[in-house]
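Here is the structure we will look at.
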Amino acid sequence: MTTTARLRAFVALADHGSVRGAAGALVVTESTVSAAVRALGEEVGVALLERDGRGVRLTPAGTRYAGYARRILGLLDEATAAAHGEADPERGLVRLGAVTTAGEHLLPALLTSFRARHPDVTLGVEVAPSAAVWPMLRHHEVDVVVAGSPPGDVGARVRAVRDNVLTVVGAPDVAADFDPASATWLLRETGSGIRATLSALLEDLPGTPSQLVLGSHGATIAAARAGLGVTLVAREGVARLLADGTLVELPVPGVPVSRPWHVVTHPDATASTELLVRHLLDDTALGWHRV
């Protein structure tokens with residue numbers, strides 16, 4: 001078994017927390033995963049795993065090694081894509097990562113427009129919370145990210161920005177006697193950038209407002225529509241619901257909040273990634289602006 005295969009087995013085990021989960025993700029047998037990880041540990045020369053009841057868990061050395069393994073695999077995939085893209089950008093690969101709201105409301109139009117112009121470019125898409133998307137770029141698991149402002153340690157290049165306004169919304173019958181301090185606030189999943197912004201807003205309200213974690217963008221919107229509480233959302237994401245009166249904007253100190261979208265790539269983006277960046281800047285209907 002190659003070192004690359006061993007690394008993939010180890011990263012899969014780290015991601016899924018069990019040999020069975022890793023085997024299922026890789027579509028191989030559990031014994032194959034166990035053998036690969038055992039051989040990798042012997043090659044590295046330190047224990048990467050330890051017993052945890054009937055299962056296993058990463059040792060501190062294993063956790064540190066997993067970060068490097070992700071980068072190695074990401075760079076290897078990126079190198080292959082870059083080579084193909086350099087030879088023929090129109091037949092290359094672009095791996096996109098996007099936060100949930102951008103994945104639902106921005107990517108469909110972007111990808112449809114791009115594929116109409118560049119039909120032979122292969123596109124891969126990962127949609128996840130902000131806390132998961134940026135490590136994907138850091139580990140070279142994606143080529144471009146569509147999200148809010150990048151953290152300072154990503155070491156990447158902002159290529160384009162797009163207006164994005166966050167506002168508080170709720171059902172119409174909530175608006176009549178709305179009080180931010182006594183309302184029930186509907187929160188996104190852990191790792192969501194909008195949740196982090198909302199949590200900061202709630203800290204400025206008197207007392208401790210009631211909170212309910214729904215776990216996804218769609219769930220918070222559905223719960224707000226049903227009158228279960230109020231939530232912070234991208235205005236663009238609920239434009240139709242605001243227009244037909246299903247939801248209404250509610251007054252809260254510090255809101256609306258400007259939180260522009262960013263398109264971010266590696267400093268040395270692949271040729272096919274550059275095709276995508278040029279396209280989204282050239283297609284004015286998409287609303288992106290050059291940085």
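Labels used: A, B, ... for chains in the order of the structure tokens, numbers from 1 for residues in each chain, and numbers from 1 for ligands as shown.
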
Assign secondary structure with DSSP using the backbone only, and return the residues of stretch 59-282 of chain A in strand (DSSP E) as a PDB file with N, CA, C and O atoms, in the first residue's frame.
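Generated output (out.pdb):
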ATOM      1  N   LEU A  93      -9.818  21.174 -13.156  1.00  0.00           N
ATOM      2  CA  LEU A  93     -10.681  20.940 -11.988  1.00  0.00           C
ATOM      3  C   LEU A  93     -10.639  22.153 -11.086  1.00  0.00           C
ATOM      4  O   LEU A  93      -9.577  22.729 -10.843  1.00  0.00           O
ATOM      5  N   VAL A  94     -11.808  22.566 -10.571  1.00  0.00           N
ATOM      6  CA  VAL A  94     -11.894  23.615  -9.567  1.00  0.00           C
ATOM      7  C   VAL A  94     -12.682  23.064  -8.379  1.00  0.00           C
ATOM      8  O   VAL A  94     -13.819  22.628  -8.530  1.00  0.00           O
ATOM      9  N   ARG A  95     -12.050  23.083  -7.203  1.00  0.00           N
ATOM     10  CA  ARG A  95     -12.697  22.603  -5.978  1.00  0.00           C
ATOM     11  C   ARG A  95     -13.155  23.815  -5.174  1.00  0.00           C
ATOM     12  O   ARG A  95     -12.336  24.620  -4.743  1.00  0.00           O
ATOM     13  N   LEU A  96     -14.464  23.953  -4.998  1.00  0.00           N
ATOM     14  CA  LEU A  96     -15.022  25.102  -4.293  1.00  0.00           C
ATOM     15  C   LEU A  96     -15.482  24.704  -2.904  1.00  0.00           C
ATOM     16  O   LEU A  96     -16.059  23.638  -2.701  1.00  0.00           O
ATOM     17  N   GLY A  97     -15.254  25.618  -1.952  1.00  0.00           N
ATOM     18  CA  GLY A  97     -15.826  25.488  -0.623  1.00  0.00           C
ATOM     19  C   GLY A  97     -16.677  26.707  -0.351  1.00  0.00           C
ATOM     20  O   GLY A  97     -16.302  27.830  -0.733  1.00  0.00           O
ATOM     21  N   ALA A  98     -17.824  26.525   0.278  1.00  0.00           N
ATOM     22  CA  ALA A  98     -18.712  27.656   0.545  1.00  0.00           C
ATOM     23  C   ALA A  98     -19.415  27.454   1.876  1.00  0.00           C
ATOM     24  O   ALA A  98     -19.729  26.319   2.260  1.00  0.00           O
ATOM     25  N   THR A 122     -14.252  20.612 -14.634  1.00  0.00           N
ATOM     26  CA  THR A 122     -14.879  19.796 -13.592  1.00  0.00           C
ATOM     27  C   THR A 122     -14.974  20.608 -12.304  1.00  0.00           C
ATOM     28  O   THR A 122     -13.998  21.240 -11.887  1.00  0.00           O
ATOM     29  N   LEU A 123     -16.155  20.591 -11.697  1.00  0.00           N
ATOM     30  CA  LEU A 123     -16.388  21.359 -10.481  1.00  0.00           C
ATOM     31  C   LEU A 123     -16.673  20.418  -9.318  1.00  0.00           C
ATOM     32  O   LEU A 123     -17.470  19.491  -9.435  1.00  0.00           O
ATOM     33  N   GLY A 124     -16.013  20.671  -8.194  1.00  0.00           N
ATOM     34  CA  GLY A 124     -16.306  19.953  -6.958  1.00  0.00           C
ATOM     35  C   GLY A 124     -16.729  20.965  -5.916  1.00  0.00           C
ATOM     36  O   GLY A 124     -16.130  22.048  -5.807  1.00  0.00           O
ATOM     37  N   VAL A 125     -17.775  20.681  -5.151  1.00  0.00           N
ATOM     38  CA  VAL A 125     -18.319  21.660  -4.209  1.00  0.00           C
ATOM     39  C   VAL A 125     -18.438  21.048  -2.817  1.00  0.00           C
ATOM     40  O   VAL A 125     -18.957  19.938  -2.658  1.00  0.00           O
ATOM     41  N   GLU A 126     -17.949  21.776  -1.811  1.00  0.00           N
ATOM     42  CA  GLU A 126     -18.117  21.412  -0.408  1.00  0.00           C
ATOM     43  C   GLU A 126     -18.825  22.572   0.287  1.00  0.00           C
ATOM     44  O   GLU A 126     -18.346  23.706   0.244  1.00  0.00           O
ATOM     45  N   VAL A 127     -19.970  22.305   0.906  1.00  0.00           N
ATOM     46  CA  VAL A 127     -20.711  23.327   1.644  1.00  0.00           C
ATOM     47  C   VAL A 127     -20.680  22.963   3.122  1.00  0.00           C
ATOM     48  O   VAL A 127     -21.059  21.843   3.498  1.00  0.00           O
ATOM     49  N   VAL A 144     -10.879  27.394  -3.933  1.00  0.00           N
ATOM     50  CA  VAL A 144     -11.515  28.699  -3.775  1.00  0.00           C
ATOM     51  C   VAL A 144     -12.623  28.579  -2.736  1.00  0.00           C
ATOM     52  O   VAL A 144     -13.288  27.547  -2.638  1.00  0.00           O
ATOM     53  N   VAL A 145     -12.782  29.637  -1.943  1.00  0.00           N
ATOM     54  CA  VAL A 145     -13.818  29.667  -0.907  1.00  0.00           C
ATOM     55  C   VAL A 145     -14.718  30.874  -1.127  1.00  0.00           C
ATOM     56  O   VAL A 145     -14.239  31.974  -1.442  1.00  0.00           O
ATOM     57  N   VAL A 146     -16.022  30.666  -0.949  1.00  0.00           N
ATOM     58  CA  VAL A 146     -17.000  31.750  -0.957  1.00  0.00           C
ATOM     59  C   VAL A 146     -17.576  31.824   0.450  1.00  0.00           C
ATOM     60  O   VAL A 146     -18.271  30.903   0.897  1.00  0.00           O
ATOM     61  N   ALA A 147     -17.269  32.903   1.154  1.00  0.00           N
ATOM     62  CA  ALA A 147     -17.653  33.008   2.565  1.00  0.00           C
ATOM     63  C   ALA A 147     -17.531  34.458   3.001  1.00  0.00           C
ATOM     64  O   ALA A 147     -17.362  35.354   2.159  1.00  0.00           O
ATOM     65  N   ARG A 157      -5.611  34.763  -0.772  1.00  0.00           N
ATOM     66  CA  ARG A 157      -5.778  36.008  -1.531  1.00  0.00           C
ATOM     67  C   ARG A 157      -7.244  36.278  -1.793  1.00  0.00           C
ATOM     68  O   ARG A 157      -7.946  35.442  -2.373  1.00  0.00           O
ATOM     69  N   VAL A 158      -7.732  37.429  -1.355  1.00  0.00           N
ATOM     70  CA  VAL A 158      -9.105  37.839  -1.631  1.00  0.00           C
ATOM     71  C   VAL A 158      -9.177  38.343  -3.063  1.00  0.00           C
ATOM     72  O   VAL A 158      -8.437  39.239  -3.454  1.00  0.00           O
ATOM     73  N   ARG A 159     -10.080  37.756  -3.854  1.00  0.00           N
ATOM     74  CA  ARG A 159     -10.164  38.077  -5.276  1.00  0.00           C
ATOM     75  C   ARG A 159     -11.370  38.933  -5.636  1.00  0.00           C
ATOM     76  O   ARG A 159     -11.340  39.662  -6.629  1.00  0.00           O
ATOM     77  N   ALA A 160     -12.457  38.796  -4.872  1.00  0.00           N
ATOM     78  CA  ALA A 160     -13.680  39.535  -5.201  1.00  0.00           C
ATOM     79  C   ALA A 160     -14.531  39.673  -3.946  1.00  0.00           C
ATOM     80  O   ALA A 160     -14.415  38.872  -3.010  1.00  0.00           O
ATOM     81  N   VAL A 161     -15.373  40.697  -3.921  1.00  0.00           N
ATOM     82  CA  VAL A 161     -16.296  40.899  -2.805  1.00  0.00           C
ATOM     83  C   VAL A 161     -17.693  41.178  -3.355  1.00  0.00           C
ATOM     84  O   VAL A 161     -17.849  41.585  -4.511  1.00  0.00           O
ATOM     85  N   ARG A 162     -18.671  40.963  -2.495  1.00  0.00           N
ATOM     86  CA  ARG A 162     -20.071  41.171  -2.882  1.00  0.00           C
ATOM     87  C   ARG A 162     -20.833  41.626  -1.656  1.00  0.00           C
ATOM     88  O   ARG A 162     -20.636  41.105  -0.563  1.00  0.00           O
ATOM     89  N   VAL A 165     -25.894  41.923   3.587  1.00  0.00           N
ATOM     90  CA  VAL A 165     -26.425  42.599   4.769  1.00  0.00           C
ATOM     91  C   VAL A 165     -27.169  41.593   5.634  1.00  0.00           C
ATOM     92  O   VAL A 165     -28.031  40.848   5.146  1.00  0.00           O
ATOM     93  N   LEU A 166     -26.835  41.557   6.920  1.00  0.00           N
ATOM     94  CA  LEU A 166     -27.522  40.694   7.868  1.00  0.00           C
ATOM     95  C   LEU A 166     -28.598  41.497   8.591  1.00  0.00           C
ATOM     96  O   LEU A 166     -28.364  42.639   8.996  1.00  0.00           O
ATOM     97  N   THR A 167     -29.758  40.897   8.752  1.00  0.00           N
ATOM     98  CA  THR A 167     -30.868  41.566   9.413  1.00  0.00           C
ATOM     99  C   THR A 167     -31.623  40.569  10.286  1.00  0.00           C
ATOM    100  O   THR A 167     -31.516  39.352  10.091  1.00  0.00           O
ATOM    101  N   VAL A 168     -32.374  41.083  11.238  1.00  0.00           N
ATOM    102  CA  VAL A 168     -33.170  40.231  12.123  1.00  0.00           C
ATOM    103  C   VAL A 168     -34.579  40.113  11.558  1.00  0.00           C
ATOM    104  O   VAL A 168     -35.202  41.117  11.193  1.00  0.00           O
ATOM    105  N   VAL A 169     -35.090  38.894  11.487  1.00  0.00           N
ATOM    106  CA  VAL A 169     -36.417  38.664  10.929  1.00  0.00           C
ATOM    107  C   VAL A 169     -37.233  37.769  11.855  1.00  0.00           C
ATOM    108  O   VAL A 169     -36.700  37.017  12.671  1.00  0.00           O
ATOM    109  N   GLY A 170     -38.546  37.881  11.696  1.00  0.00           N
ATOM    110  CA  GLY A 170     -39.480  37.036  12.422  1.00  0.00           C
ATOM    111  C   GLY A 170     -40.818  37.043  11.713  1.00  0.00           C
ATOM    112  O   GLY A 170     -41.006  37.750  10.715  1.00  0.00           O
ATOM    113  N   THR A 184     -37.339  34.932  21.792  1.00  0.00           N
ATOM    114  CA  THR A 184     -36.588  33.688  21.653  1.00  0.00           C
ATOM    115  C   THR A 184     -35.739  33.796  20.384  1.00  0.00           C
ATOM    116  O   THR A 184     -36.271  34.025  19.296  1.00  0.00           O
ATOM    117  N   TRP A 185     -34.433  33.618  20.537  1.00  0.00           N
ATOM    118  CA  TRP A 185     -33.507  33.775  19.411  1.00  0.00           C
ATOM    119  C   TRP A 185     -33.136  32.406  18.860  1.00  0.00           C
ATOM    120  O   TRP A 185     -32.735  31.507  19.594  1.00  0.00           O
ATOM    121  N   LEU A 186     -33.277  32.267  17.565  1.00  0.00           N
ATOM    122  CA  LEU A 186     -33.008  31.005  16.881  1.00  0.00           C
ATOM    123  C   LEU A 186     -31.590  31.039  16.334  1.00  0.00           C
ATOM    124  O   LEU A 186     -31.245  31.891  15.515  1.00  0.00           O
ATOM    125  N   LEU A 187     -30.753  30.103  16.785  1.00  0.00           N
ATOM    126  CA  LEU A 187     -29.339  30.098  16.442  1.00  0.00           C
ATOM    127  C   LEU A 187     -29.005  29.029  15.413  1.00  0.00           C
ATOM    128  O   LEU A 187     -29.617  27.954  15.405  1.00  0.00           O
ATOM    129  N   SER A 210     -33.721  34.214  25.724  1.00  0.00           N
ATOM    130  CA  SER A 210     -33.899  32.796  25.446  1.00  0.00           C
ATOM    131  C   SER A 210     -33.292  32.452  24.086  1.00  0.00           C
ATOM    132  O   SER A 210     -33.425  33.220  23.131  1.00  0.00           O
ATOM    133  N   GLN A 211     -32.626  31.302  24.015  1.00  0.00           N
ATOM    134  CA  GLN A 211     -31.983  30.879  22.778  1.00  0.00           C
ATOM    135  C   GLN A 211     -32.365  29.441  22.453  1.00  0.00           C
ATOM    136  O   GLN A 211     -32.527  28.613  23.337  1.00  0.00           O
ATOM    137  N   LEU A 212     -32.498  29.170  21.166  1.00  0.00           N
ATOM    138  CA  LEU A 212     -32.820  27.829  20.703  1.00  0.00           C
ATOM    139  C   LEU A 212     -31.940  27.527  19.492  1.00  0.00           C
ATOM    140  O   LEU A 212     -31.973  28.244  18.500  1.00  0.00           O
ATOM    141  N   VAL A 213     -31.129  26.483  19.600  1.00  0.00           N
ATOM    142  CA  VAL A 213     -30.237  26.104  18.502  1.00  0.00           C
ATOM    143  C   VAL A 213     -30.979  25.174  17.563  1.00  0.00           C
ATOM    144  O   VAL A 213     -31.448  24.111  17.969  1.00  0.00           O
ATOM    145  N   THR A 231     -34.517  35.508  14.255  1.00  0.00           N
ATOM    146  CA  THR A 231     -33.153  35.089  13.931  1.00  0.00           C
ATOM    147  C   THR A 231     -32.458  36.123  13.072  1.00  0.00           C
ATOM    148  O   THR A 231     -33.102  37.004  12.475  1.00  0.00           O
ATOM    149  N   LEU A 232     -31.138  35.997  13.005  1.00  0.00           N
ATOM    150  CA  LEU A 232     -30.318  36.858  12.164  1.00  0.00           C
ATOM    151  C   LEU A 232     -30.007  36.112  10.871  1.00  0.00           C
ATOM    152  O   LEU A 232     -29.535  34.972  10.908  1.00  0.00           O
ATOM    153  N   VAL A 233     -30.277  36.758   9.734  1.00  0.00           N
ATOM    154  CA  VAL A 233     -30.075  36.104   8.442  1.00  0.00           C
ATOM    155  C   VAL A 233     -29.512  37.101   7.441  1.00  0.00           C
ATOM    156  O   VAL A 233     -29.552  38.309   7.653  1.00  0.00           O
ATOM    157  N   ALA A 234     -29.004  36.560   6.334  1.00  0.00           N
ATOM    158  CA  ALA A 234     -28.636  37.410   5.202  1.00  0.00           C
ATOM    159  C   ALA A 234     -29.930  37.882   4.536  1.00  0.00           C
ATOM    160  O   ALA A 234     -30.776  37.063   4.172  1.00  0.00           O
ATOM    161  N   VAL A 248     -40.843  39.503   8.414  1.00  0.00           N
ATOM    162  CA  VAL A 248     -40.652  40.953   8.477  1.00  0.00           C
ATOM    163  C   VAL A 248     -39.341  41.243   9.191  1.00  0.00           C
ATOM    164  O   VAL A 248     -38.877  40.450  10.007  1.00  0.00           O
ATOM    165  N   GLU A 249     -38.729  42.379   8.844  1.00  0.00           N
ATOM    166  CA  GLU A 249     -37.512  42.798   9.535  1.00  0.00           C
ATOM    167  C   GLU A 249     -37.880  43.430  10.869  1.00  0.00           C
ATOM    168  O   GLU A 249     -38.881  44.155  10.982  1.00  0.00           O
ATOM    169  N   VAL A 257     -26.392  44.601   9.782  1.00  0.00           N
ATOM    170  CA  VAL A 257     -24.945  44.454   9.840  1.00  0.00           C
ATOM    171  C   VAL A 257     -24.417  44.189   8.429  1.00  0.00           C
ATOM    172  O   VAL A 257     -24.935  43.328   7.727  1.00  0.00           O
ATOM    173  N   SER A 258     -23.396  44.950   8.022  1.00  0.00           N
ATOM    174  CA  SER A 258     -22.755  44.705   6.725  1.00  0.00           C
ATOM    175  C   SER A 258     -21.684  43.631   6.912  1.00  0.00           C
ATOM    176  O   SER A 258     -20.762  43.799   7.709  1.00  0.00           O
ATOM    177  N   TRP A 261     -19.621  39.291   1.290  1.00  0.00           N
ATOM    178  CA  TRP A 261     -19.106  37.999   0.848  1.00  0.00           C
ATOM    179  C   TRP A 261     -17.734  38.198   0.239  1.00  0.00           C
ATOM    180  O   TRP A 261     -17.450  39.236  -0.372  1.00  0.00           O
ATOM    181  N   HIS A 262     -16.885  37.190   0.361  1.00  0.00           N
ATOM    182  CA  HIS A 262     -15.548  37.215  -0.225  1.00  0.00           C
ATOM    183  C   HIS A 262     -15.319  35.954  -1.061  1.00  0.00           C
ATOM    184  O   HIS A 262     -15.750  34.869  -0.662  1.00  0.00           O
ATOM    185  N   VAL A 263     -14.658  36.123  -2.180  1.00  0.00           N
ATOM    186  CA  VAL A 263     -14.127  34.980  -2.941  1.00  0.00           C
ATOM    187  C   VAL A 263     -12.628  34.963  -2.690  1.00  0.00           C
ATOM    188  O   VAL A 263     -11.932  35.954  -2.957  1.00  0.00           O
ATOM    189  N   VAL A 264     -12.140  33.842  -2.169  1.00  0.00           N
ATOM    190  CA  VAL A 264     -10.752  33.750  -1.721  1.00  0.00           C
ATOM    191  C   VAL A 264     -10.090  32.535  -2.369  1.00  0.00           C
ATOM    192  O   VAL A 264     -10.685  31.458  -2.429  1.00  0.00           O
ATOM    193  N   THR A 265      -8.863  32.705  -2.854  1.00  0.00           N
ATOM    194  CA  THR A 265      -8.116  31.609  -3.451  1.00  0.00           C
ATOM    195  C   THR A 265      -6.727  31.541  -2.814  1.00  0.00           C
ATOM    196  O   THR A 265      -6.331  32.417  -2.041  1.00  0.00           O
TER     197      THR A 265
END

Could you pull out all residues of stretch 111-173 of chain A with a DSSP call of alpha helix (DSSP H) and give them as a PDB file with C-alpha atoms, in the first residue's frame?
ATOM      1  CA  LEU A 111     -22.038  27.639 -11.207  1.00  0.00           C
ATOM      2  CA  THR A 112     -24.823  27.743 -13.803  1.00  0.00           C
ATOM      3  CA  SER A 113     -23.302  30.807 -15.429  1.00  0.00           C
ATOM      4  CA  PHE A 114     -19.766  29.381 -15.328  1.00  0.00           C
ATOM      5  CA  ARG A 115     -20.723  25.979 -16.739  1.00  0.00           C
ATOM      6  CA  ALA A 116     -22.562  27.604 -19.629  1.00  0.00           C
ATOM      7  CA  ARG A 117     -19.300  29.316 -20.619  1.00  0.00           C
ATOM      8  CA  SER A 130     -17.445  28.825   8.276  1.00  0.00           C
ATOM      9  CA  ALA A 131     -15.326  27.078  10.906  1.00  0.00           C
ATOM     10  CA  ALA A 132     -14.971  24.064   8.610  1.00  0.00           C
ATOM     11  CA  VAL A 133     -14.564  25.844   5.268  1.00  0.00           C
ATOM     12  CA  TRP A 134     -11.485  27.910   6.091  1.00  0.00           C
ATOM     13  CA  PRO A 135      -9.433  24.898   7.263  1.00  0.00           C
ATOM     14  CA  MET A 136     -10.275  23.261   3.919  1.00  0.00           C
ATOM     15  CA  LEU A 137      -8.525  26.141   2.155  1.00  0.00           C
ATOM     16  CA  ARG A 138      -5.663  26.113   4.639  1.00  0.00           C
ATOM     17  CA  PRO A 172     -45.466  39.227  11.250  1.00  0.00           C
ATOM     18  CA  ASP A 173     -47.357  38.473  14.480  1.00  0.00           C
TER      19      ASP A 173
END

Set the distance at 12 Å and use only C-alpha atoms: which residues neighbour A:His217 once local chain neighbours fewer than 4 positions away are removed? I'd like the list as a ChimeraX atom specification.
/A:99-105,127-129,186-190,192-195,213,221-224,231-234,237-238

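Proximity ranking of A:Leu286, A:Ala25, A:Leu7, A:Ala12 relative to A:Asp163 places A:Leu286 first, based on only C-alpha atoms.
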
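Between A:Leu247 and the candidates A:His140, A:Arg225, A:Arg6, A:His118, the tightest atom-to-atom separation, counting only C-alpha atoms, involves A:Arg225.
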
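Using only C-alpha atoms, the nearest neighbour of A:Arg8 within the list A:Gly74, A:Gly55, A:Pro180, A:Gly215 is A:Gly74.
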
What's around A:Met1 at 10 Å? Count only C-alpha atoms, leave out sequence neighbours fewer than 6 positions away in its own chain, and write the answer as a list in words.
Thr32, Ala35, Ala36 and Ala39 of chain A

If you keep N, CA, C and O atoms, can you produce a file of those selected residues as a PDB file, in the first residue's frame?
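This went into again_3.pdb:
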ATOM      1  N   THR A  32      -8.485  -3.302   5.893  1.00  0.00           N
ATOM      2  CA  THR A  32      -7.612  -2.493   5.043  1.00  0.00           C
ATOM      3  C   THR A  32      -7.244  -1.192   5.738  1.00  0.00           C
ATOM      4  O   THR A  32      -6.083  -0.766   5.726  1.00  0.00           O
ATOM      5  N   ALA A  35      -4.855  -1.956   8.702  1.00  0.00           N
ATOM      6  CA  ALA A  35      -3.507  -2.260   8.231  1.00  0.00           C
ATOM      7  C   ALA A  35      -2.792  -0.998   7.753  1.00  0.00           C
ATOM      8  O   ALA A  35      -1.594  -0.812   8.018  1.00  0.00           O
ATOM      9  N   ALA A  36      -3.521  -0.133   7.059  1.00  0.00           N
ATOM     10  CA  ALA A  36      -2.917   1.095   6.539  1.00  0.00           C
ATOM     11  C   ALA A  36      -2.463   2.009   7.668  1.00  0.00           C
ATOM     12  O   ALA A  36      -1.347   2.542   7.649  1.00  0.00           O
ATOM     13  N   ALA A  39       0.528   0.497   9.560  1.00  0.00           N
ATOM     14  CA  ALA A  39       1.759   0.654   8.791  1.00  0.00           C
ATOM     15  C   ALA A  39       2.256   2.095   8.812  1.00  0.00           C
ATOM     16  O   ALA A  39       3.464   2.345   8.879  1.00  0.00           O
TER      17      ALA A  39
END

Kindly indicate which residue among A:Leu250, A:Ala79, A:Ala196, A:Leu214 lies nearest to A:Ala176, using only C-alpha atoms for the distances.
A:Leu250
